[in-house]
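Undergrad: Supplied structure: work15.txt, compact mmCIF, N, CA and C atoms.
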# COMPACT_ATOMS: atom_id res chain seq x y z
N MET A 1 36.20 -6.26 70.66
CA MET A 1 35.09 -6.29 69.73
C MET A 1 35.23 -5.16 68.73
N PHE A 2 35.51 -3.94 69.20
CA PHE A 2 35.66 -2.82 68.28
C PHE A 2 36.87 -3.00 67.39
N ASN A 3 37.85 -3.68 67.89
CA ASN A 3 39.06 -3.90 67.12
C ASN A 3 38.78 -4.80 65.92
N THR A 4 37.97 -5.84 66.10
CA THR A 4 37.64 -6.72 64.98
C THR A 4 36.70 -6.04 64.00
N LEU A 5 35.82 -5.18 64.50
CA LEU A 5 34.93 -4.44 63.62
C LEU A 5 35.72 -3.51 62.70
N GLY A 6 36.70 -2.83 63.25
CA GLY A 6 37.56 -1.94 62.46
C GLY A 6 38.35 -2.70 61.43
N SER A 7 38.84 -3.85 61.76
CA SER A 7 39.61 -4.62 60.79
C SER A 7 38.72 -5.18 59.69
N ASP A 8 37.49 -5.56 60.04
CA ASP A 8 36.54 -6.03 59.03
C ASP A 8 36.18 -4.92 58.06
N LEU A 9 35.98 -3.70 58.57
CA LEU A 9 35.67 -2.55 57.72
C LEU A 9 36.85 -2.24 56.81
N LYS A 10 38.04 -2.32 57.36
CA LYS A 10 39.23 -2.04 56.56
C LYS A 10 39.38 -3.08 55.45
N LYS A 11 39.05 -4.32 55.72
CA LYS A 11 39.13 -5.38 54.70
C LYS A 11 38.09 -5.14 53.60
N ALA A 12 36.92 -4.60 53.98
CA ALA A 12 35.84 -4.37 53.02
C ALA A 12 36.19 -3.29 52.01
N VAL A 13 36.93 -2.25 52.43
CA VAL A 13 37.25 -1.17 51.50
C VAL A 13 38.66 -1.28 50.93
N THR A 14 39.40 -2.28 51.29
CA THR A 14 40.75 -2.47 50.77
C THR A 14 40.67 -3.10 49.39
N LYS A 15 41.39 -2.53 48.41
CA LYS A 15 41.41 -3.05 47.04
C LYS A 15 42.39 -4.22 46.95
N LYS A 16 42.42 -4.87 45.82
CA LYS A 16 43.32 -6.00 45.61
C LYS A 16 44.78 -5.60 45.76
N ASP A 17 45.09 -4.39 45.33
CA ASP A 17 46.49 -3.96 45.42
C ASP A 17 46.83 -3.39 46.79
N GLY A 18 45.91 -3.46 47.74
CA GLY A 18 46.19 -3.03 49.10
C GLY A 18 45.87 -1.57 49.39
N GLN A 19 45.38 -0.80 48.40
CA GLN A 19 45.10 0.61 48.63
C GLN A 19 43.66 0.78 49.13
N LEU A 20 43.50 1.80 49.95
CA LEU A 20 42.17 2.11 50.46
C LEU A 20 41.50 3.14 49.56
N GLY A 21 40.13 3.17 49.53
CA GLY A 21 39.39 4.19 48.79
C GLY A 21 38.85 3.69 47.46
N PHE A 22 38.43 4.66 46.65
CA PHE A 22 37.81 4.36 45.37
C PHE A 22 38.79 4.61 44.25
N SER A 23 38.61 3.88 43.15
CA SER A 23 39.46 4.11 41.98
C SER A 23 38.96 5.35 41.23
N PHE A 24 39.78 5.85 40.34
CA PHE A 24 39.41 7.02 39.54
C PHE A 24 38.16 6.71 38.70
N PHE A 25 38.09 5.52 38.14
CA PHE A 25 36.95 5.13 37.32
C PHE A 25 35.66 5.14 38.13
N GLU A 26 35.70 4.64 39.34
CA GLU A 26 34.50 4.63 40.19
C GLU A 26 34.05 6.05 40.51
N LEU A 27 34.99 6.93 40.76
CA LEU A 27 34.64 8.32 41.02
C LEU A 27 34.03 8.99 39.79
N VAL A 28 34.56 8.73 38.61
CA VAL A 28 34.02 9.31 37.38
C VAL A 28 32.60 8.82 37.14
N VAL A 29 32.35 7.53 37.34
CA VAL A 29 31.00 6.98 37.15
C VAL A 29 30.03 7.62 38.13
N ALA A 30 30.42 7.76 39.37
CA ALA A 30 29.55 8.38 40.36
C ALA A 30 29.25 9.84 40.01
N MET A 31 30.26 10.57 39.54
CA MET A 31 30.04 11.96 39.14
C MET A 31 29.12 12.05 37.92
N PHE A 32 29.25 11.11 37.00
CA PHE A 32 28.40 11.09 35.81
C PHE A 32 26.94 10.87 36.21
N VAL A 33 26.69 9.96 37.12
CA VAL A 33 25.32 9.70 37.58
C VAL A 33 24.76 10.94 38.27
N ILE A 34 25.54 11.60 39.07
CA ILE A 34 25.09 12.81 39.75
C ILE A 34 24.79 13.91 38.73
N MET A 35 25.61 14.05 37.69
CA MET A 35 25.37 15.07 36.66
C MET A 35 24.07 14.80 35.92
N ILE A 36 23.76 13.55 35.64
CA ILE A 36 22.50 13.21 34.97
C ILE A 36 21.32 13.59 35.85
N LEU A 37 21.39 13.28 37.12
CA LEU A 37 20.30 13.63 38.04
C LEU A 37 20.12 15.14 38.14
N VAL A 38 21.21 15.88 38.19
CA VAL A 38 21.13 17.35 38.24
C VAL A 38 20.50 17.89 36.96
N ALA A 39 20.86 17.32 35.80
CA ALA A 39 20.30 17.78 34.53
C ALA A 39 18.80 17.55 34.48
N VAL A 40 18.33 16.42 34.96
CA VAL A 40 16.89 16.14 34.97
C VAL A 40 16.16 17.13 35.87
N VAL A 41 16.72 17.42 37.02
CA VAL A 41 16.10 18.38 37.94
C VAL A 41 16.04 19.77 37.31
N ILE A 42 17.12 20.18 36.66
CA ILE A 42 17.15 21.51 36.02
C ILE A 42 16.13 21.58 34.90
N LEU A 43 16.07 20.55 34.05
CA LEU A 43 15.11 20.56 32.95
C LEU A 43 13.68 20.59 33.46
N ALA A 44 13.42 19.83 34.49
CA ALA A 44 12.06 19.80 35.05
C ALA A 44 11.69 21.15 35.66
N SER A 45 12.66 21.79 36.32
CA SER A 45 12.35 23.07 36.96
C SER A 45 12.20 24.20 35.94
N GLN A 46 12.77 24.06 34.77
CA GLN A 46 12.66 25.10 33.75
C GLN A 46 11.47 24.87 32.81
N GLY A 47 10.68 23.85 33.08
CA GLY A 47 9.49 23.63 32.29
C GLY A 47 9.72 22.89 30.99
N PHE A 48 10.85 22.22 30.86
CA PHE A 48 11.15 21.49 29.62
C PHE A 48 10.09 20.44 29.33
N PHE A 49 9.70 19.70 30.36
CA PHE A 49 8.74 18.63 30.15
C PHE A 49 7.35 19.17 29.92
N GLY A 50 7.03 20.33 30.47
CA GLY A 50 5.74 20.98 30.21
C GLY A 50 5.63 21.42 28.76
N LYS A 51 6.74 21.89 28.20
CA LYS A 51 6.74 22.30 26.80
C LYS A 51 6.56 21.09 25.89
N ALA A 52 7.08 19.96 26.28
CA ALA A 52 6.89 18.75 25.49
C ALA A 52 5.41 18.37 25.46
N ARG A 53 4.74 18.52 26.60
CA ARG A 53 3.31 18.23 26.66
C ARG A 53 2.54 19.20 25.75
N GLU A 54 2.96 20.47 25.76
CA GLU A 54 2.30 21.46 24.92
C GLU A 54 2.52 21.16 23.43
N ARG A 55 3.71 20.72 23.07
CA ARG A 55 3.98 20.37 21.67
C ARG A 55 3.15 19.15 21.24
N ALA A 56 3.01 18.18 22.12
CA ALA A 56 2.19 17.01 21.81
C ALA A 56 0.73 17.42 21.62
N TRP A 57 0.26 18.32 22.47
CA TRP A 57 -1.10 18.86 22.39
C TRP A 57 -1.31 19.51 21.02
N GLU A 58 -0.38 20.38 20.64
CA GLU A 58 -0.50 21.10 19.36
C GLU A 58 -0.41 20.14 18.17
N ALA A 59 0.47 19.17 18.24
CA ALA A 59 0.60 18.20 17.15
C ALA A 59 -0.68 17.39 16.99
N ASP A 60 -1.25 16.94 18.11
CA ASP A 60 -2.51 16.19 18.04
C ASP A 60 -3.63 17.04 17.46
N LEU A 61 -3.68 18.32 17.81
CA LEU A 61 -4.70 19.21 17.25
C LEU A 61 -4.55 19.36 15.74
N ARG A 62 -3.31 19.55 15.26
CA ARG A 62 -3.08 19.67 13.81
C ARG A 62 -3.49 18.40 13.08
N ILE A 63 -3.11 17.26 13.63
CA ILE A 63 -3.45 15.98 12.99
C ILE A 63 -4.96 15.79 12.96
N MET A 64 -5.63 16.09 14.06
CA MET A 64 -7.08 15.93 14.11
C MET A 64 -7.78 16.89 13.15
N ASN A 65 -7.33 18.14 13.09
CA ASN A 65 -7.94 19.09 12.15
C ASN A 65 -7.79 18.62 10.71
N THR A 66 -6.63 18.11 10.36
CA THR A 66 -6.40 17.60 9.01
C THR A 66 -7.30 16.40 8.73
N ALA A 67 -7.41 15.49 9.68
CA ALA A 67 -8.25 14.31 9.49
C ALA A 67 -9.72 14.69 9.35
N VAL A 68 -10.18 15.64 10.16
CA VAL A 68 -11.58 16.10 10.08
C VAL A 68 -11.83 16.74 8.71
N ASP A 69 -10.90 17.58 8.26
CA ASP A 69 -11.07 18.21 6.94
C ASP A 69 -11.15 17.16 5.83
N ALA A 70 -10.26 16.18 5.87
CA ALA A 70 -10.27 15.13 4.84
C ALA A 70 -11.57 14.33 4.89
N TYR A 71 -12.02 14.00 6.09
CA TYR A 71 -13.27 13.25 6.23
C TYR A 71 -14.44 14.04 5.66
N MET A 72 -14.52 15.34 6.00
CA MET A 72 -15.64 16.16 5.55
C MET A 72 -15.61 16.38 4.04
N ILE A 73 -14.45 16.50 3.45
CA ILE A 73 -14.35 16.68 2.00
C ILE A 73 -14.85 15.44 1.27
N GLN A 74 -14.51 14.27 1.78
CA GLN A 74 -14.89 13.04 1.09
C GLN A 74 -16.30 12.56 1.41
N SER A 75 -16.79 12.87 2.61
CA SER A 75 -18.10 12.33 2.99
C SER A 75 -19.22 13.36 2.92
N PHE A 76 -18.88 14.64 2.84
CA PHE A 76 -19.85 15.73 2.86
C PHE A 76 -20.64 15.78 4.16
N GLU A 77 -20.05 15.24 5.24
CA GLU A 77 -20.66 15.33 6.57
C GLU A 77 -19.56 15.38 7.62
N ALA A 78 -19.93 15.76 8.81
CA ALA A 78 -18.96 15.88 9.90
C ALA A 78 -18.80 14.54 10.62
N PRO A 79 -17.62 14.31 11.21
CA PRO A 79 -17.43 13.06 11.97
C PRO A 79 -18.03 13.17 13.37
N THR A 80 -19.33 13.42 13.41
CA THR A 80 -20.07 13.49 14.67
C THR A 80 -21.10 12.37 14.66
N ALA A 81 -21.79 12.20 15.76
CA ALA A 81 -22.77 11.11 15.87
C ALA A 81 -23.87 11.24 14.83
N ASP A 82 -24.33 12.48 14.57
CA ASP A 82 -25.41 12.68 13.60
C ASP A 82 -24.91 13.13 12.22
N GLY A 83 -23.60 13.35 12.08
CA GLY A 83 -23.04 13.76 10.79
C GLY A 83 -23.16 15.24 10.51
N ASP A 84 -23.71 16.00 11.44
CA ASP A 84 -23.88 17.44 11.25
C ASP A 84 -22.93 18.21 12.15
N LEU A 85 -22.59 19.42 11.71
CA LEU A 85 -21.84 20.33 12.56
C LEU A 85 -22.79 20.94 13.57
N PRO A 86 -22.32 21.30 14.73
CA PRO A 86 -23.20 21.91 15.74
C PRO A 86 -23.61 23.32 15.33
N LEU A 87 -24.57 23.86 16.00
CA LEU A 87 -24.99 25.24 15.77
C LEU A 87 -23.89 26.20 16.19
N SER A 88 -23.98 27.43 15.70
CA SER A 88 -22.98 28.44 16.02
C SER A 88 -22.86 28.63 17.53
N GLY A 89 -21.63 28.63 18.02
CA GLY A 89 -21.39 28.81 19.45
C GLY A 89 -21.46 27.53 20.25
N GLU A 90 -21.76 26.41 19.62
CA GLU A 90 -21.86 25.13 20.31
C GLU A 90 -20.76 24.19 19.82
N TYR A 91 -20.63 23.08 20.51
CA TYR A 91 -19.63 22.07 20.17
C TYR A 91 -20.29 20.70 20.12
N ALA A 92 -19.74 19.82 19.30
CA ALA A 92 -20.21 18.44 19.25
C ALA A 92 -19.01 17.53 19.42
N LEU A 93 -19.23 16.38 20.04
CA LEU A 93 -18.16 15.42 20.23
C LEU A 93 -17.79 14.77 18.89
N ILE A 94 -16.50 14.54 18.70
CA ILE A 94 -16.05 13.83 17.51
C ILE A 94 -16.29 12.35 17.74
N ASP A 95 -16.91 11.72 16.76
CA ASP A 95 -17.19 10.29 16.81
C ASP A 95 -16.12 9.57 16.01
N PHE A 96 -15.20 8.88 16.69
CA PHE A 96 -14.12 8.19 16.00
C PHE A 96 -14.62 6.99 15.21
N ASP A 97 -15.86 6.58 15.45
CA ASP A 97 -16.47 5.48 14.69
C ASP A 97 -17.35 5.99 13.55
N ALA A 98 -17.37 7.29 13.31
CA ALA A 98 -18.19 7.86 12.22
C ALA A 98 -17.74 7.24 10.89
N SER A 99 -18.71 6.92 10.05
CA SER A 99 -18.36 6.26 8.79
C SER A 99 -19.34 6.65 7.69
N PHE A 100 -18.93 6.38 6.48
CA PHE A 100 -19.79 6.58 5.31
C PHE A 100 -19.38 5.55 4.26
N THR A 101 -20.27 5.33 3.30
CA THR A 101 -20.00 4.35 2.26
C THR A 101 -19.74 5.07 0.95
N ARG A 102 -18.66 4.66 0.28
CA ARG A 102 -18.31 5.22 -1.03
C ARG A 102 -17.83 4.07 -1.90
N ASP A 103 -18.46 3.91 -3.06
CA ASP A 103 -18.10 2.86 -4.01
C ASP A 103 -18.11 1.48 -3.34
N ALA A 104 -19.16 1.19 -2.60
CA ALA A 104 -19.37 -0.09 -1.91
C ALA A 104 -18.30 -0.36 -0.85
N GLU A 105 -17.59 0.67 -0.43
CA GLU A 105 -16.58 0.52 0.62
C GLU A 105 -16.94 1.45 1.77
N THR A 106 -16.94 0.90 2.97
CA THR A 106 -17.23 1.71 4.15
C THR A 106 -15.93 2.29 4.69
N LEU A 107 -15.90 3.60 4.78
CA LEU A 107 -14.73 4.30 5.32
C LEU A 107 -15.08 4.85 6.70
N THR A 108 -14.23 4.61 7.67
CA THR A 108 -14.45 5.03 9.04
C THR A 108 -13.42 6.09 9.40
N PHE A 109 -13.84 7.06 10.22
CA PHE A 109 -12.93 8.14 10.61
C PHE A 109 -11.62 7.57 11.13
N TYR A 110 -11.71 6.62 12.07
CA TYR A 110 -10.52 5.88 12.48
C TYR A 110 -10.71 4.45 12.05
N PRO A 111 -9.85 3.89 11.28
CA PRO A 111 -8.47 4.24 10.94
C PRO A 111 -8.29 4.81 9.53
N ASN A 112 -9.37 5.04 8.78
CA ASN A 112 -9.20 5.48 7.40
C ASN A 112 -8.71 6.93 7.27
N PHE A 113 -9.07 7.78 8.20
CA PHE A 113 -8.69 9.20 8.08
C PHE A 113 -7.68 9.63 9.13
N ILE A 114 -7.72 9.01 10.26
CA ILE A 114 -6.71 9.27 11.28
C ILE A 114 -6.10 7.92 11.63
N LYS A 115 -4.81 7.81 11.38
CA LYS A 115 -4.13 6.51 11.49
C LYS A 115 -3.85 6.11 12.93
N GLN A 116 -3.66 7.08 13.81
CA GLN A 116 -3.36 6.79 15.20
C GLN A 116 -4.29 7.63 16.08
N LEU A 117 -4.88 6.99 17.04
CA LEU A 117 -5.80 7.69 17.93
C LEU A 117 -5.02 8.66 18.81
N PRO A 118 -5.54 9.87 18.99
CA PRO A 118 -4.87 10.83 19.87
C PRO A 118 -5.09 10.45 21.33
N LYS A 119 -4.35 11.11 22.21
CA LYS A 119 -4.53 10.87 23.64
C LYS A 119 -5.96 11.24 24.03
N HIS A 120 -6.51 10.50 24.96
CA HIS A 120 -7.83 10.77 25.54
C HIS A 120 -8.96 10.70 24.51
N TRP A 121 -8.78 9.93 23.47
CA TRP A 121 -9.81 9.84 22.43
C TRP A 121 -11.10 9.22 22.97
N ASP A 122 -10.98 8.42 24.01
CA ASP A 122 -12.16 7.72 24.53
C ASP A 122 -12.78 8.42 25.74
N GLU A 123 -12.35 9.64 26.03
CA GLU A 123 -12.86 10.33 27.21
C GLU A 123 -13.78 11.50 26.84
N ASP A 124 -14.25 11.55 25.63
CA ASP A 124 -15.18 12.59 25.18
C ASP A 124 -14.63 13.99 25.39
N VAL A 125 -13.37 14.21 24.99
CA VAL A 125 -12.78 15.54 25.11
C VAL A 125 -12.50 16.18 23.76
N TRP A 126 -12.55 15.40 22.69
CA TRP A 126 -12.30 15.94 21.35
C TRP A 126 -13.61 16.44 20.78
N VAL A 127 -13.68 17.77 20.53
CA VAL A 127 -14.92 18.38 20.06
C VAL A 127 -14.67 19.17 18.79
N ILE A 128 -15.76 19.43 18.08
CA ILE A 128 -15.73 20.20 16.84
C ILE A 128 -16.77 21.31 16.94
N ASP A 129 -16.44 22.48 16.39
CA ASP A 129 -17.39 23.60 16.47
C ASP A 129 -18.11 23.78 15.14
N SER A 130 -18.92 24.81 15.04
CA SER A 130 -19.74 25.02 13.84
C SER A 130 -18.92 25.37 12.61
N ALA A 131 -17.65 25.78 12.80
CA ALA A 131 -16.76 26.10 11.67
C ALA A 131 -15.81 24.93 11.38
N SER A 132 -16.10 23.76 11.91
CA SER A 132 -15.33 22.53 11.76
C SER A 132 -13.92 22.64 12.32
N ARG A 133 -13.74 23.48 13.34
CA ARG A 133 -12.46 23.56 14.04
C ARG A 133 -12.49 22.59 15.22
N VAL A 134 -11.41 21.83 15.34
CA VAL A 134 -11.30 20.84 16.41
C VAL A 134 -10.65 21.49 17.62
N SER A 135 -11.13 21.13 18.79
CA SER A 135 -10.49 21.57 20.03
C SER A 135 -10.59 20.45 21.06
N ILE A 136 -9.89 20.67 22.16
CA ILE A 136 -9.84 19.67 23.22
C ILE A 136 -10.49 20.26 24.46
N ASP A 137 -11.48 19.56 24.98
CA ASP A 137 -12.18 20.02 26.18
C ASP A 137 -11.49 19.44 27.42
N MET A 138 -10.22 19.90 27.62
CA MET A 138 -9.42 19.41 28.73
C MET A 138 -8.29 20.41 28.96
N ASP A 139 -7.91 20.62 30.21
CA ASP A 139 -6.80 21.51 30.52
C ASP A 139 -5.49 20.91 30.03
N LEU A 140 -4.59 21.78 29.61
CA LEU A 140 -3.29 21.32 29.13
C LEU A 140 -2.54 20.54 30.20
N GLU A 141 -2.66 20.94 31.47
CA GLU A 141 -1.96 20.26 32.55
C GLU A 141 -2.42 18.80 32.70
N GLU A 142 -3.67 18.54 32.34
CA GLU A 142 -4.21 17.19 32.45
C GLU A 142 -3.92 16.34 31.23
N TYR A 143 -3.54 16.96 30.12
CA TYR A 143 -3.39 16.24 28.85
C TYR A 143 -2.22 15.30 28.87
Translate the structure of the given file into structure tokens.
TA:
Amino acid sequence: MFNTLGSDLKKAVTKKDGQLGFSFFELVVAMFVIMILVAVVILASQGFFGKARERAWEADLRIMNTAVDAYMIQSFEAPTADGDLPLSGEYALIDFDASFTRDAETLTFYPNFIKQLPKHWDEDVWVIDSASRVSIDMDLEEY
């Protein structure tokens, strides 16, 4: 029984030309896959992906601040539920449906002033302060 098992195993790893083992190409492909996995682990351990999250956070903040400024310049009100900025030291939620009418045309904060919604736009985390500065009421790790 063991004799037939050994011969079956030998047949399974025997190549067409009768040699045992792996070809050079198979070894190179396996090493390439292992190198990719090692690179991902190294990047993850050095915080590469955390920095990407931070850059996305900062980019969304810049885009939102620009959109809020453009909205306020054209509408003379803030993109909040009541159109007013909050009192000093307080924050108000940004209303992505805030709108105003100009020349018989209704302009809405989204999509007229901000073309793409930022992450978590529907979770009430985008706020504006009394100086019309936008911030995110969420930890960076959760963003």
Undergrad: Neighbouring residues of A:Asp137 were defined as those with any atom within 7 Å, considering all atoms listed in the file; residues of the same chain fewer than 3 positions away were excluded. Please report them as a PyMOL selection string.
TA: chain A and resi 124-127
Undergrad: Go through A:Thr106, A:Lys115, A:Asn65, A:Ala70 and flag the residue nearest A:Ser135, using all atoms listed in the file for the distances.
TA: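 For A:Ser135, the nearest of the candidates is A:Asn65.
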Undergrad: Can you tell me, as AutoDock Vina command-line options, the centre and edge lengths (Å, one decimal) of the axis-aligned box enclosing all of stretch 37-48 of chain A's listed atoms after padding each side by 5 Å?
TA:
--center_x 15.4 --center_y 19.2 --center_z 33.8 --size_x 21.9 --size_y 21.8 --size_z 18.9
Undergrad: Please report the interatomic distance between atom N of A:Asp82 and atom C of A:Glu142 in Å with one decimal.
TA: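 Distance reported for this atom pair: 26.6 Å.
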Undergrad: Write down as a PyMOL selection string the residues belonging to chain A that are assigned alpha helix (DSSP H) by DSSP computed on the backbone.
TA: chain A and resi 2-13+24-45+48-75
Undergrad: Pick out the residues sitting within 7 Å of A:Glu90, and hand them over as an NGL selection string; count only N, CA and C atoms, and ignore anything fewer than 6 positions along from it in its own chain.
TA: :A and (128-130)
Undergrad: List the neighbours of A:Gln74 out to 12 Å using only C-alpha atoms; skip same-chain residues closer than 5 positions along the sequence, and give me the result as a compact mmCIF listing (two decimals) with N, CA and C atoms, in the coordinates of the input.
TA:
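Resulting contents of around_24.txt:
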# COMPACT_ATOMS: atom_id res chain seq x y z
N ALA A 67 -7.41 15.49 9.68
CA ALA A 67 -8.25 14.31 9.49
C ALA A 67 -9.72 14.69 9.35
N VAL A 68 -10.18 15.64 10.16
CA VAL A 68 -11.58 16.10 10.08
C VAL A 68 -11.83 16.74 8.71
N ASP A 69 -10.90 17.58 8.26
CA ASP A 69 -11.07 18.21 6.94
C ASP A 69 -11.15 17.16 5.83
N PRO A 79 -17.62 14.31 11.21
CA PRO A 79 -17.43 13.06 11.97
C PRO A 79 -18.03 13.17 13.37
N SER A 99 -18.71 6.92 10.05
CA SER A 99 -18.36 6.26 8.79
C SER A 99 -19.34 6.65 7.69
N PHE A 100 -18.93 6.38 6.48
CA PHE A 100 -19.79 6.58 5.31
C PHE A 100 -19.38 5.55 4.26
N THR A 101 -20.27 5.33 3.30
CA THR A 101 -20.00 4.35 2.26
C THR A 101 -19.74 5.07 0.95
N ARG A 102 -18.66 4.66 0.28
CA ARG A 102 -18.31 5.22 -1.03
C ARG A 102 -17.83 4.07 -1.90
N ASP A 103 -18.46 3.91 -3.06
CA ASP A 103 -18.10 2.86 -4.01
C ASP A 103 -18.11 1.48 -3.34
N THR A 106 -16.94 0.90 2.97
CA THR A 106 -17.23 1.71 4.15
C THR A 106 -15.93 2.29 4.69
N LEU A 107 -15.90 3.60 4.78
CA LEU A 107 -14.73 4.30 5.32
C LEU A 107 -15.08 4.85 6.70
N THR A 108 -14.23 4.61 7.67
CA THR A 108 -14.45 5.03 9.04
C THR A 108 -13.42 6.09 9.40
N PHE A 109 -13.84 7.06 10.22
CA PHE A 109 -12.93 8.14 10.61
C PHE A 109 -11.62 7.57 11.13
N ASN A 112 -9.37 5.04 8.78
CA ASN A 112 -9.20 5.48 7.40
C ASN A 112 -8.71 6.93 7.27
N PHE A 113 -9.07 7.78 8.20
CA PHE A 113 -8.69 9.20 8.08
C PHE A 113 -7.68 9.63 9.13
Undergrad: What separation in Å, quoted to one decimal, exists between atom CA of A:Thr80 and atom CA of A:Trp121?
TA: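 Spanning atom CA of A:Thr80 to atom CA of A:Trp121 is a straight-line distance of 13.4 Å.
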Undergrad: Would you give me, as a list in words, the residues in chain A that DSSP reads as strand (DSSP E)?
TA: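 Output for chain A, strand (DSSP E) only: Tyr91, Ala92, Leu93, Ser99, Phe100, Thr101, Arg102, Glu105, Thr106, Leu107, Thr108, Trp126, Val127, Ile128, Asp129, Val134, Ser135 and Ile136 of chain A.
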Undergrad: Here is a test: counting all atoms listed in the file, which residue of A:Ile73, A:Thr66, A:Ala81, A:Ile34 is nearest to A:Ile94?
TA: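 The shortest atom-to-atom distance to A:Ile94 comes from A:Ala81.
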Undergrad: Just give me the gap between atom CA of A:Phe25 and atom C of A:Val41 in Å, one decimal is fine.
TA: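 Between these atoms lies a distance of 25.5 Å.
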Undergrad: Would you please work out which residue, of A:Val38, A:Val33, A:Leu93, A:Leu140, is nearest to A:Ala52 when using only C-alpha atoms?
TA: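 Between A:Val38, A:Val33, A:Leu93, A:Leu140, the residue approaching A:Ala52 most closely is A:Leu140.
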